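**Student:** Below: one structure in structure tokens.
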Protein chains: 2
Amino acid sequence: MIVRDFDDIVRDARDRVISDAHWSSVRMLLADDGMGFSFHITFLEAGSEHTFEYKNHFESVYCMQGKGSITDLATGETHQIKPGTMYALNEHDRHTLRAEEELIMACVFNPPVTGKEVHREDGSYAPADEMAD
Amino acid sequence: MIVRDFDDIVRDARDRVISDAHWSSVRMLLADDGMGFSFHITFLEAGSEHTFEYKNHFESVYCMQGKGSITDLATGETHQIKPGTMYALNEHDRHTLRAEEELIMACVFNPPVTGKEVHREDGSYAPADEMAD
């Protein structure tokens, strides 16, 4: 059994806290935990906007706190996000996420991320077997 | 892209709300969503105690609200649970969960549950291919 605490990770395991422009993510579970998925608590700054396209991953995102919206860039459709809203990128959907207030999200990736990915210019993460490390 | 709202499911999609003795679970994602995992928001009643052993699934559980504990029945070790605590049953660990206050948990199962499982006497869910339906 693995037991981890969010506050302990933030204080003691900084390699599990990934930050980029206007977002940060605390990786509670990563690929090497062997669960077959990774689990992250992700923060998106109020006023920020992000375009992602996880070509090599499925991702589900559950809003725990905050307010914003997501636009499906294939259809142009925009959905409001509030606590209790979940979106799942079951078609590797290219999307734009906007945080009107800070968003705190519980995210699941399949396959699991290793924690060493960087977002590429197209908004994707490389598949694990293409990573330099 | 799948977008679902917790409140809408509770109001309109009761087949996605599973209840048993002193717990209930809102299934935001199930096997037929094709994500390779399922995602549930689960409520454990204050004062309740539960022994589970998911012999055929990995499960991670993130505490969003409440207070309780989990005992690993293989080692006898007990861990406190509070908001921000995550446990992951990476060895199909048999465990007893106690809710001192109502616990609200974000749960991920791999493989995904179908939503038709019942807990067997040993605290497990049957694998999907052994299910009657």
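By convention here, the chains of the structure tokens are called A, B, ... in the order presented, each chain's residues are numbered starting at 1, and ligands are numbered starting at 1 in the order presented.
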Quick one: which residues from chain B are at most 6 Å off chain A, using only C-alpha atoms, as an mmCIF file with N, CA, C and O atoms, in the first residue's frame?

**Tutor:**
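Once everything was written out, this is iface_30.cif:
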data_model
loop_
_atom_site.group_PDB
_atom_site.id
_atom_site.type_symbol
_atom_site.label_atom_id
_atom_site.label_comp_id
_atom_site.auth_asym_id
_atom_site.auth_seq_id
_atom_site.Cartn_x
_atom_site.Cartn_y
_atom_site.Cartn_z
ATOM 1 N N MET B 1 -14.840 14.408 -26.596
ATOM 2 C CA MET B 1 -14.712 14.884 -25.212
ATOM 3 C C MET B 1 -15.999 14.556 -24.452
ATOM 4 O O MET B 1 -17.089 14.784 -24.969
ATOM 5 N N ILE B 2 -15.821 14.011 -23.293
ATOM 6 C CA ILE B 2 -16.953 13.739 -22.407
ATOM 7 C C ILE B 2 -16.965 14.843 -21.351
ATOM 8 O O ILE B 2 -15.923 15.126 -20.758
ATOM 9 N N VAL B 3 -18.112 15.472 -21.128
ATOM 10 C CA VAL B 3 -18.230 16.441 -20.033
ATOM 11 C C VAL B 3 -19.434 16.020 -19.191
ATOM 12 O O VAL B 3 -20.527 15.826 -19.733
ATOM 13 N N ARG B 4 -19.218 15.850 -17.895
ATOM 14 C CA ARG B 4 -20.309 15.443 -17.007
ATOM 15 C C ARG B 4 -20.234 16.257 -15.731
ATOM 16 O O ARG B 4 -19.147 16.626 -15.286
ATOM 17 N N ASP B 5 -21.398 16.454 -15.151
ATOM 18 C CA ASP B 5 -21.454 17.216 -13.918
ATOM 19 C C ASP B 5 -21.996 16.329 -12.793
ATOM 20 O O ASP B 5 -22.985 15.606 -12.978
ATOM 21 N N PHE B 6 -21.321 16.379 -11.683
ATOM 22 C CA PHE B 6 -21.709 15.568 -10.515
ATOM 23 C C PHE B 6 -23.193 15.739 -10.183
ATOM 24 O O PHE B 6 -23.926 14.761 -10.023
ATOM 25 N N GLY B 84 -6.265 15.667 1.389
ATOM 26 C CA GLY B 84 -4.911 15.657 0.844
ATOM 27 C C GLY B 84 -4.200 14.325 0.999
ATOM 28 O O GLY B 84 -3.161 14.111 0.387
ATOM 29 N N THR B 85 -4.752 13.407 1.804
ATOM 30 C CA THR B 85 -4.156 12.075 1.912
ATOM 31 C C THR B 85 -4.614 11.218 0.734
ATOM 32 O O THR B 85 -5.794 11.224 0.373
ATOM 33 N N MET B 86 -3.668 10.504 0.144
ATOM 34 C CA MET B 86 -3.978 9.529 -0.903
ATOM 35 C C MET B 86 -3.444 8.168 -0.505
ATOM 36 O O MET B 86 -2.334 8.077 0.015
ATOM 37 N N TYR B 87 -4.240 7.145 -0.703
ATOM 38 C CA TYR B 87 -3.684 5.788 -0.603
ATOM 39 C C TYR B 87 -3.925 5.060 -1.916
ATOM 40 O O TYR B 87 -4.899 5.335 -2.628
ATOM 41 N N ALA B 88 -2.981 4.172 -2.226
ATOM 42 C CA ALA B 88 -3.055 3.413 -3.481
ATOM 43 C C ALA B 88 -2.841 1.949 -3.144
ATOM 44 O O ALA B 88 -1.849 1.584 -2.503
ATOM 45 N N LEU B 89 -3.780 1.136 -3.575
ATOM 46 C CA LEU B 89 -3.754 -0.303 -3.280
ATOM 47 C C LEU B 89 -3.028 -0.989 -4.424
ATOM 48 O O LEU B 89 -3.631 -1.590 -5.302
ATOM 49 N N ASN B 90 -1.697 -0.854 -4.386
ATOM 50 C CA ASN B 90 -0.868 -1.330 -5.504
ATOM 51 C C ASN B 90 -0.545 -2.807 -5.389
ATOM 52 O O ASN B 90 0.038 -3.383 -6.299
#

**Student:** Have a look at atom CA of Glu121 of chain A and atom CA of Asn56 of chain A and let me know their distance in Å, one decimal.

**Tutor:**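 Atom CA of Asn56 of chain A lies 14.4 Å from atom CA of Glu121 of chain A.
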
**Student:** Looking only at the backbone, which of the residues in chain A does DSSP tag as strand (DSSP E), as a PyMOL selection string?

**Tutor:** chain A and resi 2-5+17-20+23-29+38-44+49-52+58-65+68-72+78-81+85-89+95-99+103-110

**Student:** Can you tell me which residues surround Glu102 of chain B at a distance of at most 7 Å, considering only C-alpha atoms, apart from same-chain residues fewer than 2 positions away, and format the answer as a list in words?

**Tutor:**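 So the residues in contact are Phe43, Leu44, Glu45, Ala46, Gly66, Lys67, Ala99, Glu100 and Ile104 of chain B.
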
**Student:** Store the residues picked out above, limited to all heavy atoms, as a tab-separated table (two decimals), in the first residue's frame.

**Tutor:**
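Contents of again08.tsv, freshly written:
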chain	number	residue	atom	x	y	z
B	43	PHE	N	-18.64	8.47	-1.08
B	43	PHE	CA	-18.99	9.02	0.23
B	43	PHE	C	-19.08	7.87	1.23
B	43	PHE	O	-19.79	6.90	0.99
B	43	PHE	CB	-20.36	9.72	0.16
B	43	PHE	CG	-20.39	10.89	-0.76
B	43	PHE	CD1	-20.43	10.70	-2.15
B	43	PHE	CD2	-20.37	12.18	-0.28
B	43	PHE	CE1	-20.44	11.79	-3.02
B	43	PHE	CE2	-20.38	13.27	-1.14
B	43	PHE	CZ	-20.42	13.08	-2.52
B	44	LEU	N	-18.37	8.00	2.34
B	44	LEU	CA	-18.42	7.00	3.41
B	44	LEU	C	-19.02	7.68	4.64
B	44	LEU	O	-18.52	8.71	5.11
B	44	LEU	CB	-17.01	6.49	3.71
B	44	LEU	CG	-16.33	5.83	2.49
B	44	LEU	CD1	-14.83	6.03	2.53
B	44	LEU	CD2	-16.68	4.37	2.41
B	45	GLU	N	-20.08	7.11	5.15
B	45	GLU	CA	-20.81	7.74	6.26
B	45	GLU	C	-19.97	7.88	7.52
B	45	GLU	O	-19.19	6.97	7.86
B	45	GLU	CB	-22.04	6.89	6.61
B	45	GLU	CG	-23.19	7.03	5.66
B	45	GLU	CD	-24.39	6.20	6.11
B	45	GLU	OE1	-24.51	5.92	7.32
B	45	GLU	OE2	-25.19	5.84	5.23
B	46	ALA	N	-20.17	8.97	8.23
B	46	ALA	CA	-19.50	9.16	9.52
B	46	ALA	C	-19.80	7.98	10.42
B	46	ALA	O	-20.94	7.53	10.52
B	46	ALA	CB	-19.98	10.46	10.18
B	66	GLY	N	-13.15	15.31	4.98
B	66	GLY	CA	-13.46	14.38	6.05
B	66	GLY	C	-12.24	13.92	6.81
B	66	GLY	O	-11.14	14.46	6.65
B	67	LYS	N	-12.46	12.91	7.64
B	67	LYS	CA	-11.42	12.45	8.55
B	67	LYS	C	-11.64	10.98	8.84
B	67	LYS	O	-12.77	10.53	9.05
B	67	LYS	CB	-11.52	13.26	9.86
B	67	LYS	CG	-10.42	13.03	10.85
B	67	LYS	CD	-10.65	13.93	12.08
B	67	LYS	CE	-9.69	13.55	13.19
B	67	LYS	NZ	-9.97	14.27	14.43
B	99	ALA	N	-14.41	5.85	8.81
B	99	ALA	CA	-14.76	7.27	8.66
B	99	ALA	C	-15.13	7.82	10.03
B	99	ALA	O	-16.17	7.45	10.57
B	99	ALA	CB	-15.92	7.41	7.69
B	100	GLU	N	-14.26	8.66	10.58
B	100	GLU	CA	-14.63	9.32	11.84
B	100	GLU	C	-15.63	10.44	11.54
B	100	GLU	O	-16.62	10.63	12.24
B	100	GLU	CB	-13.38	9.90	12.52
B	100	GLU	CG	-12.39	8.83	12.94
B	100	GLU	CD	-11.08	9.43	13.40
B	100	GLU	OE1	-11.10	10.49	14.07
B	100	GLU	OE2	-10.02	8.87	13.06
B	104	ILE	N	-15.20	12.10	1.83
B	104	ILE	CA	-15.52	12.26	0.41
B	104	ILE	C	-14.22	12.04	-0.36
B	104	ILE	O	-13.24	12.76	-0.17
B	104	ILE	CB	-16.11	13.64	0.10
B	104	ILE	CG1	-17.31	13.90	1.03
B	104	ILE	CG2	-16.52	13.74	-1.36
B	104	ILE	CD1	-17.98	15.25	0.80

**Student:** To one decimal place in Å, what is the distance between atom CA of Thr51 of chain A and atom CA of Asp20 of chain A?

**Tutor:** 12.8 Å
